[in-house]
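The file run-v8.tsv contains TSV, C-alpha atoms:
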```tsv
chain	number	residue	atom	x	y	z
A	3	MET	CA	90.38	81.99	80.49
A	4	GLY	CA	92.44	85.14	80.68
A	5	SER	CA	95.41	85.99	82.84
A	6	ASN	CA	96.49	88.87	85.00
A	7	ASP	CA	100.14	88.37	85.87
A	8	ASP	CA	99.83	90.89	88.72
A	9	HIS	CA	97.90	88.27	90.73
A	10	THR	CA	100.91	86.60	92.36
A	11	GLY	CA	100.54	82.87	92.95
A	12	ALA	CA	97.37	82.47	90.89
A	13	VAL	CA	97.08	79.52	88.56
A	14	TYR	CA	95.08	79.95	85.38
A	15	ILE	CA	93.62	77.37	83.04
A	16	VAL	CA	94.23	77.77	79.32
A	17	ILE	CA	91.54	76.22	77.15
A	18	LYS	CA	92.40	75.14	73.63
A	19	ALA	CA	89.87	76.20	71.01
A	20	ALA	CA	89.50	72.67	69.68
A	21	VAL	CA	88.21	71.21	72.96
A	22	ALA	CA	84.58	70.05	72.84
A	23	LEU	CA	82.47	72.68	74.58
A	24	THR	CA	80.50	70.35	76.83
A	25	SER	CA	83.59	68.61	78.16
A	26	ALA	CA	85.55	71.86	78.40
A	27	ALA	CA	82.82	73.55	80.42
A	28	ALA	CA	82.78	70.68	82.89
A	29	MET	CA	86.55	70.66	83.26
A	30	VAL	CA	86.79	74.43	83.63
A	31	SER	CA	84.21	74.51	86.41
A	32	ALA	CA	86.06	71.67	88.10
A	33	PHE	CA	89.40	73.52	88.19
A	34	ALA	CA	89.97	77.08	89.44
A	35	TRP	CA	93.01	78.26	91.35
A	36	ILE	CA	92.76	81.80	92.78
A	37	GLY	CA	95.78	83.17	94.63
A	38	GLY	CA	97.17	79.65	95.10
A	39	VAL	CA	93.97	78.36	96.75
A	40	VAL	CA	92.00	75.78	94.79
A	41	MET	CA	88.26	76.36	94.65
A	42	SER	CA	85.60	74.03	93.22
A	43	GLN	CA	82.29	75.21	91.81
A	44	SER	CA	80.86	72.02	90.34
A	45	ASN	CA	81.68	68.33	90.25
A	46	GLY	CA	85.14	68.45	91.81
A	47	LYS	CA	84.92	67.25	95.42
A	48	LYS	CA	86.85	68.41	98.45
A	49	SER	CA	86.53	66.02	101.38
A	50	ASP	CA	87.90	66.00	104.93
A	51	LYS	CA	89.95	62.97	103.92
A	52	CYS	CA	92.26	63.56	100.96
A	53	VAL	CA	92.53	60.89	98.30
A	54	CYS	CA	96.16	60.48	99.26
A	55	GLY	CA	95.09	59.53	102.81
A	56	HIS	CA	95.83	62.83	104.59
A	57	ASP	CA	93.27	64.10	107.09
A	58	ALA	CA	92.54	67.67	105.95
A	59	ALA	CA	90.85	68.63	109.23
A	60	SER	CA	93.82	67.64	111.39
A	61	LYS	CA	96.34	69.14	108.97
A	62	ALA	CA	94.57	72.50	109.07
A	63	THR	CA	95.96	73.24	112.51
A	64	SER	CA	99.51	72.07	111.82
A	65	SER	CA	102.32	73.85	110.04
A	66	THR	CA	102.55	73.32	106.30
A	67	PRO	CA	105.68	71.47	105.10
A	68	ALA	CA	107.73	73.29	102.47
A	69	ASN	CA	107.15	70.47	99.97
A	70	GLU	CA	103.37	70.26	100.45
A	71	ARG	CA	101.11	71.21	97.56
A	72	SER	CA	97.52	71.10	96.29
A	73	VAL	CA	96.57	68.84	93.38
A	74	TRP	CA	93.51	67.68	91.51
A	75	ILE	CA	93.61	63.89	91.60
A	76	GLN	CA	91.30	61.15	90.37
A	77	PRO	CA	91.32	57.91	92.39
A	78	LYS	CA	89.76	56.01	89.49
A	79	SER	CA	89.19	57.23	85.95
A	80	GLY	CA	85.80	57.21	84.27
A	81	HIS	CA	83.93	60.40	85.15
A	82	LEU	CA	84.61	64.06	85.91
A	83	SER	CA	82.78	63.80	89.22
A	84	SER	CA	85.51	61.56	90.63
A	85	LEU	CA	88.09	64.37	90.49
A	86	GLN	CA	89.01	65.39	94.02
A	87	LEU	CA	91.10	68.12	95.57
A	88	CYS	CA	93.98	67.01	97.76
A	89	SER	CA	95.42	69.97	99.64
A	90	HIS	CA	98.15	68.00	101.41
A	91	ASP	CA	99.97	66.09	98.70
A	92	VAL	CA	103.69	65.93	99.49
A	93	LEU	CA	106.29	66.25	96.75
A	94	PRO	CA	109.36	64.01	97.00
A	95	ALA	CA	112.81	65.55	97.33
A	96	LEU	CA	114.34	66.77	94.09
A	97	THR	CA	116.69	64.39	92.33
A	98	GLN	CA	119.58	65.35	90.06
A	99	GLY	CA	118.42	67.14	86.94
A	100	GLN	CA	115.12	68.21	88.49
A	101	VAL	CA	113.77	71.62	89.50
A	102	ARG	CA	110.60	72.56	91.36
A	103	VAL	CA	108.24	74.95	89.58
A	104	LYS	CA	105.50	77.01	91.20
A	105	VAL	CA	102.72	76.68	88.65
A	106	HIS	CA	101.02	79.84	87.38
A	107	ALA	CA	99.08	78.49	84.38
A	108	ILE	CA	98.16	75.11	82.91
A	109	GLY	CA	96.87	73.91	79.55
A	110	LEU	CA	93.65	71.94	79.08
A	111	ASN	CA	93.91	69.45	76.20
A	112	PHE	CA	91.82	66.70	74.65
A	113	ALA	CA	94.22	64.22	76.25
A	114	ASP	CA	93.35	65.49	79.75
A	115	ILE	CA	89.64	65.02	79.14
A	116	PHE	CA	90.13	61.57	77.60
A	117	ALA	CA	92.42	60.57	80.49
A	118	VAL	CA	89.86	61.60	83.11
A	119	LEU	CA	87.16	59.69	81.23
A	120	GLY	CA	89.39	56.61	81.08
A	121	LEU	CA	89.80	56.76	77.30
A	122	TYR	CA	93.52	57.59	77.06
A	123	ALA	CA	95.77	54.54	77.01
A	124	ALA	CA	98.92	56.42	78.09
A	125	ALA	CA	97.33	57.71	81.31
A	126	SER	CA	97.03	55.89	84.60
A	127	LYS	CA	93.54	54.63	85.42
A	128	THR	CA	94.12	55.23	89.16
A	129	ASN	CA	95.39	58.21	91.16
A	130	LEU	CA	95.68	60.35	88.04
A	131	ILE	CA	96.72	63.99	88.25
A	132	PRO	CA	95.83	65.48	84.83
A	133	GLY	CA	97.86	68.13	83.04
A	134	LEU	CA	100.45	67.88	80.27
A	135	GLU	CA	101.70	71.47	80.02
A	136	PHE	CA	102.24	74.33	82.42
A	137	SER	CA	104.13	77.54	83.07
A	138	GLY	CA	105.45	79.12	86.21
A	139	VAL	CA	108.51	80.15	88.22
A	140	VAL	CA	111.36	77.95	89.41
A	141	GLU	CA	111.32	77.98	93.21
A	142	GLN	CA	113.87	75.29	94.05
A	143	VAL	CA	116.76	73.46	92.37
A	144	CYS	CA	118.50	70.20	93.23
A	145	LYS	CA	121.29	70.82	95.77
A	146	GLU	CA	123.61	68.36	94.02
A	147	ASP	CA	123.18	70.19	90.70
A	148	GLU	CA	123.74	73.52	92.43
A	149	SER	CA	126.96	72.35	94.09
A	150	GLN	CA	128.25	71.07	90.74
A	151	GLY	CA	127.28	74.21	88.83
A	152	LYS	CA	124.82	72.31	86.64
A	153	VAL	CA	121.72	74.44	87.16
A	154	ALA	CA	120.00	75.19	83.86
A	155	PHE	CA	117.21	77.29	85.38
A	156	PRO	CA	118.12	79.22	88.57
A	157	VAL	CA	115.53	80.00	91.23
A	158	GLY	CA	113.26	82.78	89.97
A	159	SER	CA	113.43	81.76	86.31
A	160	LYS	CA	110.15	82.06	84.40
A	161	VAL	CA	109.61	78.84	82.46
A	162	PHE	CA	107.08	76.72	80.58
A	163	GLY	CA	107.24	73.01	80.05
A	164	VAL	CA	105.68	69.59	79.61
A	165	THR	CA	105.09	66.58	81.83
A	166	ARG	CA	103.54	63.16	81.33
A	167	PHE	CA	100.47	64.21	83.32
A	168	GLY	CA	100.75	65.70	86.82
A	169	GLY	CA	100.46	69.36	85.80
A	170	TYR	CA	97.24	70.22	87.66
A	171	ALA	CA	99.06	71.18	90.82
A	172	THR	CA	100.32	74.25	92.62
A	173	GLU	CA	103.93	72.97	92.41
A	174	ILE	CA	105.59	70.31	90.30
A	175	ASN	CA	108.97	68.55	90.20
A	176	VAL	CA	110.17	68.27	86.62
A	177	GLN	CA	113.32	67.39	84.72
A	178	ALA	CA	114.99	70.61	83.58
A	179	GLN	CA	115.33	69.15	80.06
A	180	PHE	CA	111.54	69.37	79.71
A	181	LEU	CA	111.50	73.11	80.47
A	182	PHE	CA	111.94	76.15	78.25
A	183	LYS	CA	112.65	79.75	79.16
A	184	LEU	CA	109.50	81.85	78.96
A	185	PRO	CA	110.12	84.57	76.35
A	186	ASP	CA	110.19	88.06	77.80
A	187	ASP	CA	107.18	89.16	75.76
A	188	TRP	CA	105.04	86.13	76.72
A	189	ASN	CA	102.76	85.89	79.75
A	190	PHE	CA	102.22	82.66	81.69
A	191	VAL	CA	99.02	81.81	79.83
A	192	GLN	CA	100.79	81.99	76.47
A	193	GLY	CA	103.56	79.78	77.80
A	194	ALA	CA	101.18	77.13	79.10
A	195	ALA	CA	99.21	77.09	75.83
A	196	PHE	CA	102.20	76.52	73.56
A	197	PRO	CA	104.22	73.32	74.11
A	198	VAL	CA	101.81	70.39	73.57
A	199	GLN	CA	100.42	71.63	70.27
A	200	ALA	CA	103.72	72.99	68.99
A	201	LEU	CA	105.66	69.84	69.88
A	202	THR	CA	102.95	67.66	68.30
A	203	ALA	CA	103.25	69.60	65.05
A	204	TYR	CA	107.05	69.51	65.17
A	205	HIS	CA	107.18	65.77	65.83
A	206	ALA	CA	104.76	65.03	62.99
A	207	LEU	CA	106.42	67.24	60.39
A	208	VAL	CA	110.11	67.14	61.30
A	209	GLU	CA	110.72	63.89	63.18
A	210	LEU	CA	108.24	61.69	61.30
A	211	GLY	CA	107.61	63.52	58.03
A	212	ALA	CA	111.13	64.88	57.42
A	213	VAL	CA	109.56	67.92	55.78
A	214	LYS	CA	112.01	70.12	53.90
A	215	ALA	CA	111.91	73.22	51.71
A	216	LYS	CA	109.64	73.06	48.64
A	217	LYS	CA	107.82	69.93	49.89
A	218	HIS	CA	104.01	69.90	49.68
A	219	VAL	CA	102.24	69.18	52.98
A	220	LEU	CA	98.54	68.40	53.53
A	221	ILE	CA	97.31	69.63	56.93
A	222	GLN	CA	93.89	68.47	58.09
A	223	SER	CA	91.86	70.61	60.53
A	224	GLY	CA	94.18	73.53	59.94
A	225	ALA	CA	92.26	75.97	62.15
A	226	GLY	CA	92.95	73.98	65.32
A	227	GLY	CA	95.92	74.48	67.59
A	228	VAL	CA	98.10	71.75	66.10
A	229	GLY	CA	97.03	72.77	62.59
A	230	ILE	CA	98.01	76.42	63.07
A	231	ASN	CA	101.39	75.41	64.48
A	232	ALA	CA	101.89	73.00	61.57
A	233	ILE	CA	101.15	75.74	59.04
A	234	ARG	CA	103.62	78.11	60.66
A	235	LEU	CA	106.24	75.39	60.87
A	236	CYS	CA	105.82	74.69	57.15
A	237	GLN	CA	106.31	78.37	56.47
A	238	LYS	CA	109.45	78.35	58.61
A	239	LEU	CA	110.77	75.32	56.73
A	240	GLN	CA	109.81	76.93	53.39
A	241	ALA	CA	107.47	74.03	52.60
A	242	GLN	CA	104.09	74.52	50.89
A	243	PRO	CA	101.09	73.73	53.14
A	244	TYR	CA	97.66	72.73	51.78
A	245	VAL	CA	95.00	73.03	54.45
A	246	THR	CA	91.52	71.61	55.02
A	247	VAL	CA	88.95	73.08	57.44
A	248	SER	CA	85.36	72.19	58.30
A	249	SER	CA	83.68	75.55	57.70
A	250	GLU	CA	83.89	78.75	55.69
A	251	SER	CA	84.36	80.78	58.87
A	252	LYS	CA	87.49	78.78	59.71
A	253	ALA	CA	88.79	79.30	56.19
A	254	LYS	CA	88.33	83.05	56.60
A	255	PHE	CA	90.05	82.92	59.98
A	256	LEU	CA	93.09	81.22	58.49
A	257	ALA	CA	93.17	83.65	55.58
A	258	GLN	CA	93.30	86.56	58.03
A	259	GLU	CA	95.77	85.00	60.45
A	260	MET	CA	98.20	83.48	57.97
```

Whole structure, structure tokens version:
Amino acid sequence: MGSNDDHTGAVYIVIKAAVALTSAAAMVSAFAWIGGVVMSQSNGKKSDKCVCGHDAASKATSSTPANERSVWIQPKSGHLSSLQLCSHDVLPALTQGQVRVKVHAIGLNFADIFAVLGLYAAASKTNLIPGLEFSGVVEQVCKEDESQGKVAFPVGSKVFGVTRFGGYATEINVQAQFLFKLPDDWNFVQGAAFPVQALTAYHALVELGAVKAKKHVLIQSGAGGVGINAIRLCQKLQAQPYVTVSSESKAKFLAQEM
């Protein structure tokens, strides 16, 4: 889905090309944030009683706390239809090293789909908020860090980052060490689409593979997101990539792009 950065407060979903179409279509229709308000057009359910126990009807007439947010949460994994919107989830106070980010875009990955379906071992099977990568604007920093002059990203900073799930929200508390400055020539969608695939490729090639200049590297499924990042990383490291793809059209795509 595309982005228009002029729409302040909107959250956009970035879909990776490798995601299975049937699952992606279901997830996309389940998540849509427009102007900071979450709207559901398919299986996602919005009830008077939030999953977290808040009564949406009674909260509607009360003032909204500064640390209240909207999230997509799944009480029990297993099916897309169990995703529910909670509009009154309350973020805890920031701890040292954390900042609060107003989310503008999120990435949709295989891991999110598998987690929702209960097929991802690293994800909680109850009260899961999907989302591994996001981008947005820092809206609050820890007071202790501020008083000690240890703020890495001041309020107003445009950032992108990663989290161990929890990204499908309008705001998120995150350790500053998991954030990166959004390049000036990137929009929020580009920022949200980058970290999971790029870090996967980096970990595989640099941390595990110890790839160096003049080494030969075989990259399977090279036209996917991780594959493309792996090819570019090999080029950066002056290694020689050898790439497999599943179709002639993907081979032509790589020939044009690389």

Which residues are close to segment 194-197 of chain A, i.e. within 10 Å by only C-alpha atoms, leaving aside same-chain residues fewer than 5 positions away? Reply as a PyMOL selection string. chain A and resi 14-18+105-111+134-138+161-164+181-182+184+189+202-203+227-228+231

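The residue that comes closest to Leu239 of chain A, out of A:Ala225, A:Cys88, A:Lys217, A:Ala95 and on the basis of all atoms listed in the file, is A:Lys217.
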
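For the atom pair formed by atom CA of Val101 of chain A and atom CA of Ser72 of chain A, the distance is 17.6 Å, given to one decimal.
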
What does the distance from atom CA of Asp187 of chain A to atom CA of Arg71 of chain A come to in Å, to one decimal? 28.9 Å

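Closest approach to Gly168 of chain A from the set A:Val247, A:Ala253, A:Leu130, A:Leu207 is made by A:Leu130, with distances taken over all atoms listed in the file.
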
Fewer than 5 positions away in the same chain doesn't count, so skip those; otherwise give me all residues within 12 Å of Ala257 of chain A, counting all atoms listed in the file, as an MDAnalysis selection string. chainID A and resid 224:225 230 233 245 247 250:252

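For Gln150 of chain A, the list of residues within 12 Å, based on only C-alpha atoms and with local chain neighbours fewer than 5 positions off taken out, reads Gln98, Gly99, Val143, Cys144 and Lys145 of chain A.
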
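If you look at atom CA of Phe155 of chain A and atom CA of Ala124 of chain A, they are 28.7 Å away from each other.
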
Just need the box for segment 152-157 of chain A, edges along x, y and z, holding every atom the file lists for it with 4 Å tacked onto each side, so centre and edge lengths in Å to one decimal, as lines of an AutoDock Vina configuration file.
```
center_x = 120.2
center_y = 76.2
center_z = 87.5
size_x = 17.3
size_y = 15.7
size_z = 15.4
```

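Considering only C-alpha atoms, the residue among A:Val92, A:Ala113, A:Leu121, A:Val213 positioned nearest to Val198 of chain A is A:Ala113.
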
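Excluding Lys214 of chain A itself and same-chain residues fewer than 2 positions from it, the residues having an atom within 12 Å of it are Leu207, Val208, Glu209, Leu210, Gly211, Ala212, Lys216, Lys217, His218, Val219, Leu235, Cys236, Gln237, Lys238, Leu239, Gln240, Ala241, Gln242 and Pro243 of chain A, counting only C-alpha atoms.
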
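Remark: residues at most 6 Å from position (94.2, 65.4, 80.4) in file coordinates are Asn111, Ala113, Asp114, Ile115, Ala117, Pro132 and Gly133 of chain A, using only C-alpha atoms.
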
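Using only C-alpha atoms, the shortest contact distance between Ser223 of chain A and any of A:Tyr122, A:Phe116, A:Tyr244, A:Trp74 is found at A:Tyr244.
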
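Between Pro77 of chain A and the candidates A:Pro94, A:Gly120, A:Gly151, A:Pro185, the tightest atom-to-atom separation, counting only C-alpha atoms, involves A:Gly120.
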